[in-house]
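Undergrad: Structure: entry_34.cif, mmCIF, C-alpha atoms and all ligand atoms.
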```cif
data_coords
loop_
_atom_site.label_atom_id
_atom_site.label_comp_id
_atom_site.auth_asym_id
_atom_site.auth_seq_id
_atom_site.Cartn_x
_atom_site.Cartn_y
_atom_site.Cartn_z
CA MET T 1 20.26 -5.00 -4.75
CA LYS T 2 18.17 -2.29 -6.43
CA HIS T 3 16.45 0.23 -4.12
CA ILE T 4 12.72 -0.44 -3.74
CA ASN T 5 11.82 3.00 -5.12
CA GLU T 6 13.78 2.25 -8.28
CA TYR T 7 11.82 -1.01 -8.68
CA ILE T 8 8.57 0.88 -8.46
CA ARG T 9 9.71 3.49 -11.00
CA HIS T 10 10.51 0.74 -13.49
CA ALA T 11 7.53 -1.50 -12.66
CA ALA T 12 5.15 1.12 -14.09
CA PHE T 13 6.43 0.42 -17.58
CA GLN T 14 7.31 -3.28 -17.21
CA LYS T 15 3.98 -5.03 -16.59
CA ARG T 16 4.92 -5.76 -12.99
CA ILE T 17 3.36 -4.51 -9.79
CA VAL T 18 4.96 -4.16 -6.37
CA PRO T 19 2.50 -4.96 -3.57
CA GLY T 20 2.30 -2.79 -0.47
CA PHE T 21 0.90 -4.71 2.51
CA ASN T 22 -0.58 -3.11 5.63
CA VAL T 23 1.13 -4.54 8.73
CA PHE T 24 0.17 -4.43 12.40
CA GLY T 25 3.03 -6.15 14.23
CA TYR T 26 6.21 -8.14 13.80
CA GLU T 27 4.48 -11.49 13.16
CA ASP T 28 2.71 -10.38 9.98
CA SER T 29 5.71 -8.26 8.86
CA LEU T 30 8.06 -11.25 9.09
CA ALA T 31 5.53 -13.58 7.43
CA ILE T 32 5.17 -11.18 4.47
CA VAL T 33 8.95 -10.84 4.09
CA ARG T 34 9.29 -14.64 4.15
CA ALA T 35 6.66 -14.83 1.37
CA ALA T 36 8.51 -12.17 -0.66
CA GLU T 37 11.82 -14.02 -0.26
CA GLN T 38 10.19 -17.26 -1.35
CA ALA T 39 8.73 -15.50 -4.42
CA ASN T 40 11.97 -13.56 -4.94
CA ALA T 41 10.07 -10.30 -5.41
CA PRO T 42 10.14 -6.80 -3.86
CA ILE T 43 7.39 -5.63 -1.49
CA LEU T 44 6.49 -2.75 0.82
CA LEU T 45 5.47 -2.98 4.47
CA MET T 46 2.96 -0.20 5.09
CA VAL T 47 1.99 1.54 8.33
CA ASN T 48 -1.55 2.87 8.27
CA ARG T 49 -3.56 5.02 10.70
CA ASP T 50 -4.71 2.05 12.81
CA ALA T 51 -1.13 0.81 13.18
CA ARG T 52 0.05 4.32 14.13
CA ARG T 53 -2.64 4.52 16.79
CA VAL T 54 -1.20 1.54 18.67
CA MET T 55 2.52 2.18 18.15
CA ASN T 56 4.37 5.38 17.32
CA ILE T 57 6.20 6.11 14.08
CA ARG T 58 9.67 5.94 15.68
CA HIS T 59 9.04 2.36 16.87
CA TRP T 60 7.56 1.36 13.52
CA GLY T 61 10.50 2.89 11.67
CA ALA T 62 13.04 1.03 13.85
CA LEU T 63 11.23 -2.32 13.67
CA LEU T 64 10.40 -2.32 9.97
CA SER T 65 13.66 -0.85 8.70
CA SER T 66 15.56 -3.49 10.67
CA ILE T 67 13.40 -6.23 9.09
CA ALA T 68 13.79 -4.61 5.64
CA ASN T 69 17.58 -4.29 5.97
CA GLN T 70 17.96 -7.99 6.66
CA ALA T 71 15.64 -9.20 3.90
CA ARG T 72 17.04 -11.01 0.86
CA VAL T 73 14.74 -9.03 -1.46
CA PRO T 74 14.12 -5.25 -1.65
CA VAL T 75 11.64 -4.29 1.06
CA GLY T 76 10.27 -0.76 1.39
CA VAL T 77 8.87 0.81 4.54
CA HIS T 78 5.92 3.01 3.65
CA LEU T 79 3.79 5.48 5.60
CA ASP T 80 0.24 4.87 4.35
CA HIS T 81 -2.61 7.44 4.21
CA CYS T 82 -1.16 10.29 6.24
CA THR T 83 -2.68 13.75 6.50
CA GLU T 84 -0.34 15.29 9.11
CA LEU T 85 2.92 16.86 8.00
CA LYS T 86 4.45 16.30 11.45
CA SER T 87 3.98 12.52 11.19
CA ILE T 88 5.40 12.55 7.69
CA GLN T 89 8.48 14.44 8.91
CA LEU T 90 8.93 11.82 11.68
CA ALA T 91 8.66 8.98 9.17
CA ILE T 92 11.24 10.61 6.91
CA GLU T 93 13.62 10.89 9.87
CA ASN T 94 12.99 7.33 11.05
CA GLY T 95 13.87 5.05 8.19
CA PHE T 96 10.75 5.06 6.01
CA SER T 97 11.58 4.74 2.30
CA SER T 98 8.32 6.30 1.09
CA VAL T 99 5.37 8.28 2.45
CA MET T 100 1.84 8.94 1.28
CA TYR T 101 0.42 12.40 1.77
CA ASP T 102 -3.34 11.87 1.57
CA GLY T 103 -4.91 15.14 0.49
CA SER T 104 -7.75 13.37 -1.28
CA LYS T 105 -10.43 15.08 0.82
CA LEU T 106 -9.03 18.59 0.18
CA PRO T 107 -9.68 20.99 -2.70
CA LEU T 108 -7.21 20.26 -5.51
CA ASN T 109 -5.06 23.39 -5.02
CA GLU T 110 -4.62 22.68 -1.31
CA ASN T 111 -3.85 19.03 -2.02
CA ILE T 112 -1.21 20.10 -4.56
CA ALA T 113 0.37 22.70 -2.23
CA ASN T 114 0.60 20.27 0.73
CA THR T 115 1.89 17.39 -1.38
CA HIS T 116 4.53 19.69 -2.84
CA GLN T 117 5.62 20.65 0.67
CA VAL T 118 6.02 16.94 1.49
CA VAL T 119 8.01 16.41 -1.72
CA CYS T 120 10.40 19.19 -0.65
CA LEU T 121 10.90 17.51 2.77
CA ALA T 122 11.30 14.02 1.34
CA ARG T 123 13.46 14.57 -1.75
CA GLU T 124 16.69 15.40 0.04
CA LYS T 125 16.45 12.13 2.03
CA GLY T 126 15.67 10.03 -1.06
CA VAL T 127 12.18 9.26 0.28
CA ALA T 128 9.50 8.80 -2.40
CA VAL T 129 6.14 10.58 -2.10
CA GLU T 130 2.75 9.16 -3.04
CA GLY T 131 -0.14 11.57 -3.57
CA GLU T 132 -3.81 10.96 -4.28
CA VAL T 133 -6.29 12.69 -6.56
CA GLY T 134 -9.96 11.75 -6.34
CA ALA T 135 -10.82 9.68 -3.28
CA VAL T 136 -10.96 5.91 -2.85
CA PRO T 137 -14.00 5.23 -0.65
CA TYR T 138 -14.17 2.93 2.38
CA ASP T 139 -16.83 0.23 2.14
CA ASP T 140 -16.85 -0.27 5.93
CA LEU T 141 -17.68 3.43 6.43
CA GLY T 142 -20.64 3.11 4.08
CA GLU T 143 -18.97 5.32 1.46
CA THR T 144 -20.63 3.91 -1.63
CA SER T 145 -20.23 6.66 -4.22
CA SER T 146 -16.66 6.97 -5.36
CA GLU T 147 -15.06 10.33 -6.11
CA MET T 148 -13.32 9.14 -9.26
CA THR T 149 -10.01 10.69 -10.33
CA SER T 150 -10.39 13.33 -13.04
CA PRO T 151 -7.62 12.78 -15.63
CA GLU T 152 -7.19 16.55 -16.06
CA GLU T 153 -6.88 17.11 -12.32
CA ALA T 154 -4.41 14.23 -12.14
CA TRP T 155 -2.33 15.89 -14.85
CA GLN T 156 -2.33 19.24 -13.03
CA PHE T 157 -1.43 17.46 -9.77
CA CYS T 158 1.57 15.71 -11.36
CA GLN T 159 2.81 18.91 -13.02
CA GLU T 160 2.61 21.03 -9.90
CA SER T 161 3.19 18.73 -6.92
CA HIS T 162 6.10 16.71 -8.38
CA ALA T 163 4.92 13.64 -6.43
CA ASP T 164 6.68 10.39 -7.34
CA TRP T 165 3.61 8.13 -7.41
CA LEU T 166 -0.09 8.86 -7.86
CA ALA T 167 -2.93 6.95 -6.18
CA VAL T 168 -6.06 6.96 -8.33
CA SER T 169 -9.72 6.26 -7.78
CA VAL T 170 -11.05 4.26 -10.73
CA GLY T 171 -13.73 2.11 -9.12
CA ASN T 172 -11.43 0.59 -6.50
CA ILE T 173 -12.89 0.61 -2.98
CA HIS T 174 -11.19 -0.03 0.38
CA ARG T 175 -12.07 -3.10 2.48
CA LEU T 176 -13.97 -5.15 -0.13
CA HIS T 177 -13.83 -8.91 -0.59
CA ALA T 178 -12.08 -10.24 -3.70
CA GLY T 179 -13.83 -9.66 -7.00
CA LYS T 180 -16.29 -7.05 -5.72
CA ALA T 181 -14.61 -3.97 -7.26
CA LYS T 182 -15.57 -2.82 -10.74
CA LEU T 183 -12.66 -0.98 -12.31
CA ASP T 184 -13.08 1.74 -14.94
CA PHE T 185 -10.26 0.91 -17.35
CA THR T 186 -11.18 3.74 -19.75
CA ARG T 187 -10.56 6.26 -16.97
CA LEU T 188 -7.30 4.53 -16.04
CA GLU T 189 -6.16 4.80 -19.67
CA SER T 190 -7.03 8.52 -19.82
CA ILE T 191 -5.06 9.14 -16.62
CA GLU T 192 -1.98 7.29 -17.85
CA SER T 193 -2.08 9.07 -21.20
CA LEU T 194 -1.61 12.35 -19.30
CA CYS T 195 0.53 11.35 -16.31
CA GLN T 196 3.98 9.88 -16.73
CA ILE T 197 4.51 8.70 -13.15
CA PRO T 198 3.83 5.28 -11.55
CA LEU T 199 0.18 4.87 -10.58
CA VAL T 200 -1.06 3.25 -7.37
CA ILE T 201 -4.30 1.35 -6.82
CA HIS T 202 -5.58 1.11 -3.25
CA GLY T 203 -8.15 -1.39 -2.03
CA ALA T 204 -6.57 -4.20 -4.02
CA SER T 205 -8.14 -6.86 -1.75
CA GLY T 206 -11.37 -6.23 -3.69
CA ILE T 207 -9.89 -6.66 -7.17
CA SER T 208 -10.45 -9.94 -9.03
CA SER T 209 -7.50 -11.92 -10.37
CA VAL T 210 -8.76 -11.21 -13.92
CA ASP T 211 -8.56 -7.46 -13.27
CA ILE T 212 -5.17 -7.83 -11.58
CA LYS T 213 -3.87 -9.32 -14.84
CA LYS T 214 -5.38 -6.37 -16.74
CA ILE T 215 -3.89 -3.67 -14.51
CA LYS T 216 -0.43 -5.21 -14.96
CA GLU T 217 -0.72 -4.10 -18.61
CA HIS T 218 -1.20 -0.52 -17.39
CA GLN T 219 1.03 2.04 -15.72
CA VAL T 220 0.15 0.73 -12.27
CA ALA T 221 3.34 0.06 -10.30
CA LYS T 222 2.02 -0.48 -6.77
CA VAL T 223 -1.17 -1.88 -5.28
CA ASN T 224 -2.18 -1.62 -1.63
CA ILE T 225 -3.46 -4.71 0.17
CA GLY T 226 -4.81 -4.85 3.69
CA THR T 227 -8.13 -6.62 4.13
CA ALA T 228 -7.14 -9.89 2.41
CA LEU T 229 -4.30 -10.45 4.89
CA ARG T 230 -6.23 -9.22 7.91
CA ARG T 231 -8.96 -11.75 7.08
CA ALA T 232 -6.46 -14.58 6.62
CA PHE T 233 -4.87 -13.81 9.99
CA GLY T 234 -8.07 -13.05 11.93
CA GLU T 235 -10.12 -15.99 10.69
CA THR T 236 -7.32 -18.49 11.35
CA LEU T 237 -6.75 -17.00 14.79
CA ARG T 238 -10.46 -17.35 15.64
CA GLN T 239 -10.39 -21.00 14.57
CA SER T 240 -7.18 -21.70 16.51
CA VAL T 241 -8.62 -20.18 19.67
CA GLN T 242 -11.84 -22.19 19.36
CA GLU T 243 -9.98 -25.43 18.70
CA ASN T 244 -7.47 -24.94 21.54
CA PRO T 245 -9.34 -23.55 24.54
CA ALA T 246 -6.49 -24.46 26.91
CA VAL T 247 -3.84 -22.52 25.00
CA TYR T 248 -3.31 -18.93 26.13
CA ASP T 249 0.20 -18.24 24.92
CA ARG T 250 0.28 -15.53 22.28
CA LEU T 251 3.31 -16.97 20.50
CA THR T 252 1.57 -20.34 20.04
CA LEU T 253 -1.79 -18.82 19.11
CA PHE T 254 -0.21 -16.61 16.44
CA GLU T 255 1.71 -19.43 14.73
CA LYS T 256 -1.03 -20.76 12.44
CA PRO T 257 -2.51 -17.33 11.58
CA ALA T 258 0.96 -16.10 10.55
CA GLN T 259 1.46 -19.21 8.39
CA GLN T 260 -1.91 -18.67 6.68
CA LEU T 261 -1.13 -14.98 6.14
CA GLU T 262 2.24 -15.95 4.61
CA LYS T 263 0.49 -18.33 2.21
CA VAL T 264 -2.01 -15.68 1.06
CA ALA T 265 0.73 -13.04 0.73
CA TYR T 266 2.82 -15.45 -1.36
CA GLU T 267 -0.09 -16.06 -3.75
CA ILE T 268 -0.68 -12.31 -4.14
CA ILE T 269 3.02 -11.55 -4.70
CA CYS T 270 3.26 -14.28 -7.38
CA GLN T 271 0.21 -12.90 -9.19
CA LEU T 272 1.75 -9.43 -9.34
CA LYS T 273 5.42 -10.01 -10.09
O1 LIG S 1 -4.02 1.75 1.91
C1 LIG S 1 -4.38 0.59 2.12
C2 LIG S 1 -5.14 -0.15 1.18
O2 LIG S 1 -5.69 0.62 0.20
C3 LIG S 1 -5.72 -1.44 1.56
O3 LIG S 1 -7.01 -1.68 1.03
O4 LIG S 1 -7.74 -3.22 2.79
O5 LIG S 1 -9.10 -2.88 0.77
O6 LIG S 1 -6.96 -4.11 0.62
P1 LIG S 1 -7.74 -3.06 1.32
ZN ZN S 2 -5.65 2.87 0.89
#
```
Give the structure from the file, written as structure tokens.
Ligand code: G3H
Ligand code: ZN
TA:
Amino acid sequence: MKHINEYIRHAAFQKRIVPGFNVFGYEDSLAIVRAAEQANAPILLMVNRDARRVMNIRHWGALLSSIANQARVPVGVHLDHCTELKSIQLAIENGFSSVMYDGSKLPLNENIANTHQVVCLAREKGVAVEGEVGAVPYDDLGETSSEMTSPEEAWQFCQESHADWLAVSVGNIHRLHAGKAKLDFTRLESIESLCQIPLVIHGASGISSVDIKKIKEHQVAKVNIGTALRRAFGETLRQSVQENPAVYDRLTLFEKPAQQLEKVAYEIICQLK
């Protein structure tokens, strides 16, 4: 079976996209892997800041790498949006296959220097590094104006940081509902004409299926999805709780939400592969 990072390298030039899903426990992680196996497609399980707040990186690394190792498709374990080098070092030592150093809020030179430091730590362990230039805003934090990626800055970043993948801000916004994002394809084209590495689009829950088809034609190799699955799980859970007031067992209450999440993940994976 090909290594997940190899899939992503090739996907950039093969009109395929590997989805990275934010996960918050074993129920959603297993449901996503089941969906990936059913679709026979590679995926990444991603640990974001919220997930790291409730469980430490060592536990996440052990849990997710065990799930990934037993999957019948390539599954990556990814550290999402991380600004601390210490946490990145821990992830590299604990089974993560890729890490994101998020220097998007820093001046470009600092972002490049820190990302390069992460690349030096990660390379010898075969861990891929995702960097970001420009900043993808968060709708839930009221960040409306997007700091779009400058193609020239992206080029300089790629040349000097040696990151493996580049997250770009081209109208994509975190935590939107489907179809709400307006992507700037001209900017995406300018970036890919200068940068030869796989590109990453965050906030993919907000991208319409029409635009998903379009970005497959581009150098985008990975998209990040969180909100769409969190909604599927949370809304089904709320309904289950309301319909079954006598049930208090977590395992029973989580059954239907995990099934609904699996269904939504399967649809997303099939759209992207
Ligand atoms: O890094 C995580 C993602 O960019 C998820 O974004 O929750 O808007 O799908 P989303
Ligand atoms: Zn993101």
Undergrad: List every residue of chain T that has an atom at most 6 Å from any atom of ligand LIG 1 (chain S), and for each one report the closest atom pair and its distance in Å to one decimal, counting all atoms listed in the file, with rows sorted by chain and then by increasing residue number, as a Markdown table.
TA:
```
| residue | atom | partner | partner_atom | distance |
| --- | --- | --- | --- | --- |
| T:Asp80 | CA | S:LIG1 | O1 | 5.8 |
| T:His174 | CA | S:LIG1 | O5 | 3.6 |
| T:Arg175 | CA | S:LIG1 | O5 | 3.4 |
| T:Leu176 | CA | S:LIG1 | O5 | 5.4 |
| T:His202 | CA | S:LIG1 | O2 | 3.5 |
| T:Gly203 | CA | S:LIG1 | O3 | 3.3 |
| T:Ala204 | CA | S:LIG1 | O6 | 4.7 |
| T:Ser205 | CA | S:LIG1 | O6 | 3.8 |
| T:Asn224 | CA | S:LIG1 | C2 | 4.3 |
| T:Ile225 | CA | S:LIG1 | O6 | 3.6 |
| T:Gly226 | CA | S:LIG1 | O4 | 3.5 |
| T:Thr227 | CA | S:LIG1 | O4 | 3.7 |
```
Undergrad: Name the residues in contact with segment 20-28 of chain T at a cut-off of 7 Å, using only C-alpha atoms, excluding same-chain residues fewer than 4 positions from it; report them as a count of residues only.
TA: 14
Undergrad: When you draw a straight line from atom CA of Glu153 of chain T to atom CA of Pro107 of chain T, how long is it in Å?
TA: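 One can read the atom CA of Glu153 of chain T to atom CA of Pro107 of chain T distance as 10.7 Å.
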Undergrad: Rounded to one decimal in Å, what is the spacing between atom CA of Phe233 of chain T and atom CA of Trp60 of chain T?
TA: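 Distance reported for this atom pair: 19.9 Å.
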Undergrad: Could you check the closest approach to ligand ZN 2 (chain S) for each of T:Ser193, T:Ser97, T:Gln260, T:Asn172 and tell me which residue wins, using only C-alpha atoms and all ligand atoms?
TA: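 Nearest candidate to ligand ZN 2 (chain S) out of T:Ser193, T:Ser97, T:Gln260, T:Asn172: T:Asn172.
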Undergrad: Please measure the separation of atom CA of Ile269 of chain T and atom CA of Asp102 of chain T, giving the value in Å to one decimal.
TA: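 Going from atom CA of Ile269 of chain T over to atom CA of Asp102 of chain T covers 25.1 Å.
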Undergrad: I want to know what sits within 12 Å of Cys195 of chain T, based on all atoms listed in the file, with residues of the same chain fewer than 5 positions away left out; could you give that as a list in words?
TA: Ala12, Val133, Ser150, Pro151, Glu152, Glu153, Ala154, Trp155, Gln156, Phe157, Cys158, Gln159, Glu160, His162, Ala163, Asp164, Trp165, Leu166, Ala167, Val168, Leu188, Glu189, Ser190, Gln219 and Val220 of chain T
Undergrad: Tell me which protein, DNA and RNA residues are within 7 Å of Ser161 of chain T, counting all atoms listed in the file, leaving out same-chain ones fewer than 5 positions away, and put them as a PyMOL selection string.
TA: chain T and resi 112-113+115-116
Undergrad: Which residue, T:Ile191, T:Ala135, T:Leu106, T:Leu199, has the smallest gap to ligand ZN 2 (chain S) when you use only C-alpha atoms and all ligand atoms?
TA: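 Of T:Ile191, T:Ala135, T:Leu106, T:Leu199, the one nearest ligand ZN 2 (chain S), counting only C-alpha atoms and all ligand atoms, is T:Ala135.
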Undergrad: Counting all atoms listed in the file, figure out which residue out of T:Glu243, T:Glu6, T:Asp211, T:Glu217 gets nearest to Glu192 of chain T.
TA: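 Among T:Glu243, T:Glu6, T:Asp211, T:Glu217, it is T:Glu217 that comes nearest to Glu192 of chain T.
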Undergrad: Using all atoms listed in the file, which of T:Leu183, T:Val119, T:Cys82, T:Leu141 sits nearest ligand ZN 2 (chain S)?
TA: T:Cys82
Undergrad: Hey, can you pull every residue with an atom no more than 8 Å from (9.1, -12.9, 0.2), using all atoms listed in the file, and send it as a PyMOL selection string?
TA: chain T and resi 32-43+73+266+269
Undergrad: Could you turn the residues from that selection into a file that holds C-alpha atoms, as a compact mmCIF listing (two decimals), in the coordinates of the input?
TA:
```
# COMPACT_ATOMS: atom_id res chain seq x y z
CA ILE T 32 5.17 -11.18 4.47
CA VAL T 33 8.95 -10.84 4.09
CA ARG T 34 9.29 -14.64 4.15
CA ALA T 35 6.66 -14.83 1.37
CA ALA T 36 8.51 -12.17 -0.66
CA GLU T 37 11.82 -14.02 -0.26
CA GLN T 38 10.19 -17.26 -1.35
CA ALA T 39 8.73 -15.50 -4.42
CA ASN T 40 11.97 -13.56 -4.94
CA ALA T 41 10.07 -10.30 -5.41
CA PRO T 42 10.14 -6.80 -3.86
CA ILE T 43 7.39 -5.63 -1.49
CA VAL T 73 14.74 -9.03 -1.46
CA TYR T 266 2.82 -15.45 -1.36
CA ILE T 269 3.02 -11.55 -4.70
```
Undergrad: Which residue gives the smallest distance to ligand ZN 2 (chain S) among T:Leu63, T:Met148, T:Val247, T:Met100, with only C-alpha atoms and all ligand atoms counted?
TA: T:Met100
Undergrad: Any idea what's packed within 9 Å of segment 86-96 of chain T, counting all atoms listed in the file, ignoring anything in its chain fewer than 3 positions away? Could you give it as JSON, numbers by chain?
TA: {"T": [57, 58, 59, 60, 61, 62, 64, 65, 76, 77, 78, 79, 82, 83, 99, 100, 101, 118, 121, 122, 125, 127]}
Undergrad: Could you put an axis-aligned box around every listed atom of segment 192-195 of chain T, padded by 3 Å on each side, and send me its centre and edge lengths in Å to one decimal, as lines of an AutoDock Vina configuration file?
TA:
```
center_x = -0.8
center_y = 9.8
center_z = -18.8
size_x = 8.6
size_y = 11.1
size_z = 10.9
```
Undergrad: Out of T:Ser104, T:Thr149, T:Ser208, T:Asn244, which residue has the shortest atom-to-atom distance to ligand ZN 2 (chain S) when counting only C-alpha atoms and all ligand atoms?
TA: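 Comparing T:Ser104, T:Thr149, T:Ser208, T:Asn244 against ligand ZN 2 (chain S), the winner is T:Ser104.
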